[in-house]
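Novice: Structure: entry-v2.cif, mmCIF, C-alpha atoms.
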data_query
#
loop_
_atom_site.label_atom_id
_atom_site.label_comp_id
_atom_site.auth_asym_id
_atom_site.auth_seq_id
_atom_site.Cartn_x
_atom_site.Cartn_y
_atom_site.Cartn_z
CA MET Q 1 -7.99 -34.82 1.12
CA ILE Q 2 -4.92 -32.82 2.05
CA ILE Q 3 -4.61 -29.30 0.65
CA ASN Q 4 -1.12 -28.11 -0.15
CA PRO Q 5 -0.72 -24.61 1.39
CA GLU Q 6 1.88 -23.66 -1.20
CA GLN Q 7 -0.60 -24.31 -4.03
CA VAL Q 8 -3.26 -22.24 -2.27
CA ILE Q 9 -0.85 -19.35 -1.76
CA ASN Q 10 0.35 -19.51 -5.37
CA ALA Q 11 -3.24 -19.48 -6.61
CA LEU Q 12 -4.08 -16.44 -4.48
CA ILE Q 13 -0.98 -14.63 -5.68
CA ALA Q 14 -1.84 -15.39 -9.30
CA ILE Q 15 -5.29 -13.88 -8.79
CA ALA Q 16 -4.18 -10.85 -6.79
CA ASN Q 17 -1.10 -9.88 -8.82
CA PRO Q 18 -2.90 -8.30 -11.82
CA LEU Q 19 -5.32 -6.50 -9.49
CA ILE Q 20 -2.48 -5.00 -7.45
CA LYS Q 21 -0.58 -4.00 -10.59
CA GLU Q 22 -3.68 -2.25 -11.98
CA LYS Q 23 -4.20 -0.39 -8.70
CA ILE Q 24 -0.58 0.80 -8.63
CA GLN Q 25 -0.77 1.99 -12.24
CA ARG Q 26 -3.99 3.87 -11.51
CA ASN Q 27 -2.40 5.54 -8.49
CA GLN Q 28 0.60 6.58 -10.59
CA ILE Q 29 -1.70 8.13 -13.22
CA VAL Q 30 -3.65 10.04 -10.57
CA ILE Q 31 -0.43 11.35 -9.01
CA LYS Q 32 0.89 12.47 -12.42
CA LEU Q 33 -2.37 14.31 -13.15
CA LEU Q 34 -2.34 15.99 -9.75
CA GLN Q 35 1.24 17.10 -10.33
CA GLN Q 36 0.45 18.34 -13.83
CA PHE Q 37 -2.34 20.57 -12.51
CA ASN Q 38 -0.39 21.57 -9.39
CA LEU Q 39 -2.96 19.92 -7.14
CA LEU Q 40 -0.63 17.56 -5.33
CA CYS Q 41 -0.46 18.51 -1.68
CA SER Q 42 3.09 19.03 -0.47
CA LYS Q 43 2.25 17.20 2.78
CA PHE Q 44 2.26 13.86 0.98
CA PRO Q 45 5.55 12.02 0.51
CA ASN Q 46 6.96 11.63 -2.97
CA PRO Q 47 5.53 8.59 -4.78
CA VAL Q 48 7.76 5.59 -5.20
CA LYS Q 49 8.78 5.03 -8.83
CA ILE Q 50 8.58 1.47 -10.05
#
Before anything else, please render the file you have as structure tokens.
Specialist:
Amino acid sequence: MIINPEQVINALIAIANPLIKEKIQRNQIVIKLLQQFNLLCSKFPNPVKI
């Protein structure tokens, strides 16, 4: 049986995409909260807006 690499990659992307999106959204929320309470260290670069 021959496995099509493109199908494997597409399946992995389909699984990982929602997980990555959730992680990015969580990071954005944390950054906003840190900024709101003036706890964001100025040594960190500005977050990228999506």
Novice: Quick check, in Å to one decimal: how far apart do atom CA of Q:Ile15 and atom CA of Q:Asn27 lie?
Specialist: 19.6 Å
Novice: Please compute the atom CA of Q:Gln25-atom CA of Q:Leu40 distance, one decimal, in Å.
Specialist: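 A separation of 17.0 Å between them.
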Novice: Would you mind reading off the distance between atom CA of Q:Lys21 and atom CA of Q:Phe37, one decimal, in Å?
Specialist: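 Rounded to one decimal, the two atoms are 24.7 Å apart.
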Novice: Output as a compact mmCIF listing (two decimals), in the coordinates of the input: stretch 30-44 of chain Q, completed with N, CA and C atoms.
Specialist:
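This is the output file selection-v3.txt:
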# COMPACT_ATOMS: atom_id res chain seq x y z
N VAL Q 30 -3.01 8.99 -11.37
CA VAL Q 30 -3.65 10.04 -10.57
C VAL Q 30 -2.60 11.02 -10.04
N ILE Q 31 -1.49 10.49 -9.53
CA ILE Q 31 -0.43 11.35 -9.01
C ILE Q 31 0.14 12.24 -10.11
N LYS Q 32 0.37 11.67 -11.30
CA LYS Q 32 0.89 12.47 -12.42
C LYS Q 32 -0.08 13.58 -12.80
N LEU Q 33 -1.38 13.28 -12.82
CA LEU Q 33 -2.37 14.31 -13.15
C LEU Q 33 -2.41 15.39 -12.08
N LEU Q 34 -2.36 15.00 -10.83
CA LEU Q 34 -2.34 15.99 -9.75
C LEU Q 34 -1.11 16.88 -9.85
N GLN Q 35 0.03 16.31 -10.17
CA GLN Q 35 1.24 17.10 -10.33
C GLN Q 35 1.13 18.04 -11.53
N GLN Q 36 0.57 17.54 -12.62
CA GLN Q 36 0.45 18.34 -13.83
C GLN Q 36 -0.40 19.59 -13.59
N PHE Q 37 -1.44 19.46 -12.77
CA PHE Q 37 -2.34 20.57 -12.51
C PHE Q 37 -2.02 21.26 -11.18
N ASN Q 38 -0.84 20.97 -10.65
CA ASN Q 38 -0.39 21.57 -9.39
C ASN Q 38 -1.41 21.40 -8.26
N LEU Q 39 -1.97 20.22 -8.18
CA LEU Q 39 -2.96 19.92 -7.14
C LEU Q 39 -2.44 18.94 -6.10
N LEU Q 40 -1.21 18.52 -6.26
CA LEU Q 40 -0.63 17.56 -5.33
C LEU Q 40 -0.20 18.29 -4.07
N CYS Q 41 -0.76 17.88 -2.96
CA CYS Q 41 -0.46 18.51 -1.68
C CYS Q 41 0.98 18.22 -1.30
N SER Q 42 1.68 19.22 -0.82
CA SER Q 42 3.09 19.03 -0.47
C SER Q 42 3.26 18.23 0.82
N LYS Q 43 2.18 17.97 1.53
CA LYS Q 43 2.25 17.20 2.78
C LYS Q 43 2.45 15.71 2.51
N PHE Q 44 2.13 15.27 1.31
CA PHE Q 44 2.26 13.86 0.98
C PHE Q 44 3.71 13.56 0.58
